>>> print(open('work.cif').read())   # mmCIF, C-alpha atoms
data_run
loop_
_atom_site.label_atom_id
_atom_site.label_comp_id
_atom_site.auth_asym_id
_atom_site.auth_seq_id
_atom_site.Cartn_x
_atom_site.Cartn_y
_atom_site.Cartn_z
CA MET A 640 0.00 0.00 0.00
CA LYS A 641 1.29 3.45 -0.95
CA ILE A 642 0.95 6.29 1.57
CA PHE A 643 1.38 9.85 0.34
CA ILE A 644 2.99 12.08 3.00
CA SER A 645 2.21 15.74 2.37
CA TRP A 646 4.28 18.53 3.93
CA SER A 647 5.02 22.25 3.65
CA GLY A 648 7.68 24.20 5.54
CA ASN A 649 10.93 23.06 7.15
CA THR A 650 9.41 21.64 10.33
CA SER A 651 6.76 19.69 8.44
CA LYS A 652 9.41 18.44 6.02
CA GLU A 653 11.62 17.06 8.79
CA ILE A 654 8.63 15.39 10.45
CA ALA A 655 7.54 13.84 7.14
CA LYS A 656 11.05 12.50 6.64
CA VAL A 657 10.99 10.81 10.05
CA LEU A 658 7.53 9.35 9.42
CA LYS A 659 8.63 7.91 6.11
CA GLY A 660 11.40 5.94 7.77
CA TRP A 661 9.33 4.93 10.81
CA LEU A 662 6.04 3.70 9.31
CA PRO A 663 7.44 0.53 7.65
CA SER A 664 8.97 -0.51 10.99
CA VAL A 665 5.42 -0.97 12.33
CA LEU A 666 3.50 -1.81 9.16
CA GLN A 667 5.90 -3.56 6.79
CA ALA A 668 3.43 -3.59 3.87
CA VAL A 669 3.20 0.19 3.54
CA LYS A 670 5.31 2.21 1.11
CA PRO A 671 5.45 5.88 2.14
CA TYR A 672 6.06 8.50 -0.52
CA PHE A 673 8.00 11.60 0.53
CA THR A 674 8.73 14.09 -2.24
CA PRO A 675 12.29 15.34 -1.48
CA ASP A 676 13.80 11.84 -1.57
CA ASP A 677 11.42 9.90 -3.79
CA ILE A 678 11.39 11.89 -7.04
CA GLU A 679 14.03 10.40 -9.30
CA LYS A 680 16.54 12.77 -10.81
CA GLY A 681 15.34 14.02 -14.18
CA ASN A 682 11.65 13.37 -13.58
CA LYS A 683 9.21 16.24 -13.96
CA TRP A 684 8.34 17.29 -10.44
CA GLN A 685 4.68 18.24 -10.90
CA SER A 686 3.77 15.27 -13.09
CA ASP A 687 5.52 12.86 -10.73
CA ILE A 688 3.61 14.16 -7.70
CA SER A 689 0.34 14.00 -9.60
CA LYS A 690 1.07 10.37 -10.48
CA LYS A 691 1.88 9.50 -6.85
CA LEU A 692 -1.30 11.19 -5.68
CA GLU A 693 -3.25 8.98 -8.09
CA GLU A 694 -1.50 5.83 -6.92
CA SER A 695 -1.75 6.46 -3.16
CA THR A 696 -4.35 4.72 -1.02
CA ILE A 697 -3.91 6.89 2.08
CA GLY A 698 -2.70 10.46 2.48
CA ILE A 699 -1.11 11.80 5.67
CA ILE A 700 -0.92 15.60 5.84
CA CYS A 701 1.66 16.93 8.32
CA LEU A 702 0.21 20.10 9.84
CA THR A 703 2.34 22.46 11.94
CA PRO A 704 1.79 26.08 13.08
CA GLU A 705 3.84 27.38 10.15
CA ASN A 706 1.85 25.70 7.36
CA LEU A 707 -1.81 25.93 8.44
CA ASP A 708 -2.53 28.33 5.57
CA SER A 709 -0.32 26.61 2.99
CA PRO A 710 -2.02 26.60 -0.46
CA TRP A 711 0.13 23.61 -1.45
CA LEU A 712 -1.18 21.45 1.41
CA HIS A 713 -4.75 22.42 0.52
CA PHE A 714 -4.07 21.45 -3.09
CA GLU A 715 -2.68 18.02 -2.17
CA ALA A 716 -5.50 17.41 0.31
CA GLY A 717 -8.01 18.24 -2.41
CA ALA A 718 -6.26 16.01 -4.94
CA LEU A 719 -6.26 13.11 -2.48
CA SER A 720 -9.91 13.58 -1.53
CA ASN A 721 -10.98 13.54 -5.19
CA ARG A 722 -9.74 9.98 -5.47
CA LEU A 723 -9.95 8.70 -1.92
CA ASP A 724 -12.62 8.36 0.69
CA GLN A 725 -12.48 11.25 3.20
CA ALA A 726 -11.69 8.71 5.91
CA ARG A 727 -8.43 7.95 4.07
CA VAL A 728 -7.18 11.54 4.05
CA CYS A 729 -5.58 12.03 7.45
CA PRO A 730 -4.32 15.45 8.63
CA LEU A 731 -1.85 14.82 11.44
CA LEU A 732 -1.44 17.69 13.92
CA PHE A 733 1.94 18.58 15.40
CA ASN A 734 1.87 21.31 18.05
CA VAL A 735 -1.48 22.43 16.61
CA SER A 736 -4.96 22.18 18.16
CA LYS A 737 -7.95 20.98 16.15
CA ALA A 738 -9.63 24.35 16.66
CA GLN A 739 -6.77 26.06 14.80
CA VAL A 740 -7.29 24.08 11.60
CA LYS A 741 -9.29 26.01 9.00
CA GLY A 742 -10.08 25.65 5.33
CA PRO A 743 -10.30 22.41 3.31
CA THR A 744 -8.19 20.31 5.70
CA SER A 745 -10.66 20.92 8.54
CA MET A 746 -13.22 18.79 6.69
CA PHE A 747 -11.21 15.60 7.26
CA GLN A 748 -10.77 13.49 10.37
CA LEU A 749 -8.05 15.30 12.31
CA THR A 750 -5.53 13.33 14.34
CA ASP A 751 -3.45 14.71 17.21
CA PHE A 752 0.08 13.44 17.45
CA ASP A 753 -0.32 11.78 20.80
CA LYS A 754 0.05 8.10 21.55
CA GLU A 755 -3.63 7.08 21.63
CA ASP A 756 -4.90 9.20 18.74
CA PHE A 757 -1.96 8.28 16.52
CA LYS A 758 -2.40 4.60 17.36
CA ILE A 759 -6.03 4.78 16.15
CA LEU A 760 -4.82 6.28 12.86
CA LEU A 761 -2.29 3.49 12.34
CA ARG A 762 -4.84 0.85 13.22
CA THR A 763 -7.04 2.29 10.44
CA VAL A 764 -4.11 2.05 8.04
CA ASN A 765 -3.52 -1.55 9.10
CA ILE A 766 -7.15 -2.44 8.35
CA GLN A 767 -6.80 -0.94 4.87
CA LEU A 768 -3.95 -3.35 4.15
CA GLY A 769 -6.44 -6.19 3.73
CA GLU A 770 -4.64 -9.51 3.43
CA ALA A 771 -1.31 -7.83 4.24
CA ARG A 772 -2.53 -6.55 7.60
CA ILE A 773 -0.90 -7.75 10.81
CA SER A 774 -2.78 -9.11 13.79
CA ASP A 775 -3.91 -6.77 16.55
CA GLU A 776 -1.54 -8.46 18.98
CA ILE A 777 1.50 -7.95 16.80
CA PHE A 778 0.37 -4.43 15.93
CA ASN A 779 0.01 -3.44 19.60
CA LYS A 780 3.39 -4.89 20.58
CA THR A 781 5.18 -3.33 17.62
CA PHE A 782 3.57 0.06 18.15
CA GLU A 783 4.31 0.13 21.88
CA ARG A 784 7.93 -0.72 21.19
CA SER A 785 8.44 1.76 18.35
CA PHE A 786 6.38 4.81 19.30
CA PRO A 787 8.74 6.23 22.00
CA GLU A 788 11.53 6.53 19.43
CA LEU A 789 9.24 8.32 16.98
CA LYS A 790 7.95 10.63 19.69
CA ASP A 791 11.46 11.60 20.79
CA SER A 792 12.54 12.35 17.21
CA ILE A 793 9.53 14.53 16.46
CA GLU A 794 9.68 16.37 19.80
CA LYS A 795 13.32 17.19 19.04
CA ILE A 796 12.34 18.61 15.63
CA ILE A 797 9.56 20.73 17.16
CA LYS A 798 11.86 21.99 19.92
CA GLU A 799 14.53 23.03 17.43
CA SER A 800 11.88 24.75 15.32
CA ASN A 801 10.58 26.69 18.33
CA ASN A 802 14.11 27.80 19.25
CA THR A 803 14.69 29.02 15.68
CA GLU A 804 11.44 31.00 15.69
CA LYS A 805 12.35 32.64 19.03
CA THR A 806 15.77 33.67 17.71
CA GLU A 807 14.25 35.17 14.58
CA SER A 808 11.60 37.02 16.59
CA ILE A 809 14.35 38.60 18.74
CA GLU A 810 16.71 39.53 15.90
CA ARG A 811 14.15 40.90 13.48
CA PRO A 812 12.82 43.75 15.70
CA ASP A 813 16.39 44.81 16.50
CA ARG A 814 17.22 45.20 12.81
CA GLU A 815 13.97 47.00 12.12
CA LEU A 816 14.51 49.34 15.08
CA LEU A 817 18.04 50.20 13.93
CA GLU A 818 16.84 50.95 10.40
CA GLU A 819 14.04 53.11 11.76
CA LEU A 820 16.43 55.06 14.00
CA LEU A 821 18.82 55.66 11.09
CA ASN A 822 15.99 56.89 8.90
CA LEU A 823 14.72 59.21 11.64
CA THR A 824 18.21 60.54 12.25
CA ARG A 825 18.75 61.29 8.55
CA SER A 826 15.35 62.97 8.36
CA ASN A 827 16.05 65.12 11.43
CA VAL A 828 19.47 66.18 10.13
CA ASN A 829 18.02 67.22 6.78
CA THR A 830 15.23 69.15 8.49
CA LEU A 831 17.68 71.02 10.75
CA LYS A 832 19.90 71.93 7.77
CA PHE A 833 16.91 73.28 5.87
CA VAL A 834 15.66 75.36 8.81
CA ALA A 835 19.16 76.72 9.53
CA ASN A 836 19.72 77.73 5.91
CA GLN A 837 16.35 79.47 5.69
CA SER A 838 17.02 81.39 8.91
CA LEU A 839 20.49 82.49 7.87
CA LYS A 840 19.38 83.62 4.42
CA GLY A 841 16.97 86.07 6.07
CA ASN A 842 19.64 87.56 8.35
CA PRO A 843 21.49 90.61 6.83
CA LEU A 844 24.53 89.87 9.00
CA TYR A 845 25.13 86.58 7.10
CA SER A 846 25.89 85.91 3.46
CA ASP A 847 26.08 82.69 1.38
CA ARG A 848 29.38 81.93 -0.30
CA SER A 849 29.93 78.75 -2.32
CA ASP A 850 27.02 77.01 -0.60
CA GLU A 851 28.56 77.75 2.78
CA VAL A 852 26.97 80.11 5.24
CA SER A 853 29.56 82.56 6.52
CA ARG A 854 29.17 85.30 9.09
CA THR A 855 30.10 88.75 7.80
CA PRO A 856 30.27 91.29 10.64
CA ARG A 857 30.48 94.99 9.92
CA ALA A 858 33.71 96.87 10.60
CA HIS A 859 34.78 97.13 14.22
CA GLY A 860 32.03 94.69 15.19
CA TYR A 861 29.24 97.32 15.04
CA PRO A 862 26.76 98.27 12.34
CA ARG A 863 27.85 101.23 10.21
CA ARG A 864 25.68 104.32 10.65
CA SER A 865 24.24 106.18 7.72
CA LYS A 866 25.83 109.42 6.63
CA ASN A 867 22.47 110.98 7.17
CA GLY A 868 22.74 110.51 10.92
CA PRO A 869 20.37 108.57 13.15
CA GLY A 870 17.99 106.26 11.38
CA LEU A 871 18.49 103.33 9.04
CA SER A 872 22.07 102.47 8.20
CA ASP A 873 23.33 101.53 4.76
CA GLY A 874 22.95 97.90 5.74
CA GLY A 875 19.29 98.31 6.60
CA ILE A 876 19.68 98.32 10.40
CA SER A 877 17.68 100.76 12.47
CA ALA A 878 19.13 103.17 15.00
CA ASP A 879 17.63 101.10 17.81
CA GLU A 880 19.87 98.27 16.69
CA ALA A 881 23.03 100.38 16.70
CA ASN A 882 24.13 99.03 20.07
CA TYR A 883 24.08 95.44 18.77
CA SER A 884 27.47 93.91 19.45
CA PHE A 885 29.21 90.79 18.25
CA GLU A 886 31.22 88.35 20.20
#
>>> encode(input="work.cif", output="C-alpha cells")
Amino acid sequence: MKIFISWSGNTSKEIAKVLKGWLPSVLQAVKPYFTPDDIEKGNKWQSDISKKLEESTIGIICLTPENLDSPWLHFEAGALSNRLDQARVCPLLFNVSKAQVKGPTSMFQLTDFDKEDFKILLRTVNIQLGEARISDEIFNKTFERSFPELKDSIEKIIKESNNTEKTESIERPDRELLEELLNLTRSNVNTLKFVANQSLKGNPLYSDRSDEVSRTPRAHGYPRRSKNGPGLSDGGISADEANYSFE
C-alpha cells in the first residue's frame, strides 16, 4: 500500500522525513512517498507528484503552526480527496490544536500526534492493508515498542523549530529598530539643515558663499551708521539696533 505524506515548511518536512522511515517498521506492507527523496533525478516534479497522488491509497498531511494556511497542502489534500474516501485523508497535527485548523483540511478526520490518537490512525491504516494486515496483537506490541523513538525524534524537531522562531523574533525587531532610527536621524538632520539655511538667508549679518553660510560682521564689530545721521544704516539696520554687538 502506498501512503502519500504531504508537507510544507521546514518543520513539516523534517517530520515527514521521520515518518517515512518509521512507518514501515510498524506496518511492513506500507510504502510511504515523501517528495524530497522519492522523485528520481530528471523526472518532472509536478507530473511525478500528480502520479503519486493517483496511486496512493492513504494520504497523511503533516500540519504544523507554520503551514496551516499553505495553499500547497490544501491542493494536495483536495487532490487526495478527489480519489480517496475522506476517511483515508488524514491530517496529522503537530503542536497544533484541532480548533486552529481552517479551510479544506478541517473537513477531514483530524488526528493529534499523541500516543492514543496516533495509534487509532495506524490501526485504520492496518485495516486498509487487507490480506497484508498484521494481527492486533502484533500491531500493539510493535507500536508500543516503536512509538517512543518516533515521539522523541519529532519532539526534538519541534523543539529546534521553536528555538529558531524565538531567535528570529528577537533579531528581526532589533534590525527594524536600527533601520528606523537611522531613517529618523537622517530625516532630522536634513530638516535642521533646511531650517538653519532658511534662517540664515533672512539675516542681513550673514551671506552665502559657495554654498557655505559665513558670518560677515560689519567693521569694528558694530553696524555702520548712515551718513544721514540717526535712522536706518546703509545695511538696513535701524538706530535702535546700533548698540548690537558681536562676540
>>> atom_distance(input="work.cif", atom1="atom CA of Ala716 of chain A", atom2="atom CA of Ala668 of chain A")
23.1 Å
>>> closest_residue(input="work.cif", among="A:Val740, A:Leu707, A:Met640, A:Leu662", to="Phe757 of chain A", atoms="all atoms listed in the file")
A:Leu662
>>> closest_residue(input="work.cif", among="A:Pro710, A:Pro671, A:Pro743, A:Gly648", to="Gly698 of chain A", atoms="only C-alpha atoms")
A:Pro671
>>> closest_residue(input="work.cif", among="A:Ile654, A:Ile773, A:Val735, A:Ile642", to="Glu799 of chain A", atoms="only C-alpha atoms")
A:Ile654
>>> residues_around(input="work.cif", residues="Thr744 of chain A", least_positions_apart="2", cutoff="10 Å", atoms="all atoms listed in the file", output="PyMOL selection string")
chain A and resi 700+702+707-708+712-717+728-730+740-742+746-749
>>> closest_residue(input="work.cif", among="A:Ser664, A:Ser647, A:Asn802, A:Asn721", to="Glu783 of chain A", atoms="all atoms listed in the file")
A:Ser664
>>> resolve_selection(input="work.cif", expression="the PyMOL selection byres ((chain A and resi 754) around 12)", output="list in words")
Thr750, Asp751, Phe752, Asp753, Glu755, Asp756, Phe757, Lys758, Ile759, Leu760, Leu761, Asn779, Phe782, Glu783, Arg784, Ser785, Phe786, Pro787, Glu788, Leu789, Lys790 and Asp791 of chain A
>>> atom_distance(input="work.cif", atom1="atom CA of Phe673 of chain A", atom2="atom CA of Trp646 of chain A")
8.6 Å
>>> closest_residue(input="work.cif", among="A:Glu694, A:Ile688, A:Asn734, A:Ser720", to="Ile796 of chain A", atoms="only C-alpha atoms")
A:Asn734
>>> atom_distance(input="work.cif", atom1="atom CA of Leu719 of chain A", atom2="atom CA of Leu692 of chain A")
6.2 Å
>>> resolve_selection(input="work.cif", expression="the PyMOL selection byres ((chain A and resi 765) around 10)", output="ChimeraX atom specification")
/A:640,665-669,759-764,766-775,778
>>> residues_near_point(input="work.cif", point="(9.6, 18.6, 7.0)", cutoff="12 Å", atoms="all atoms listed in the file", output="PyMOL selection string")
chain A and resi 644-659+673-676+700-703+705-706+733+793+796-797+800
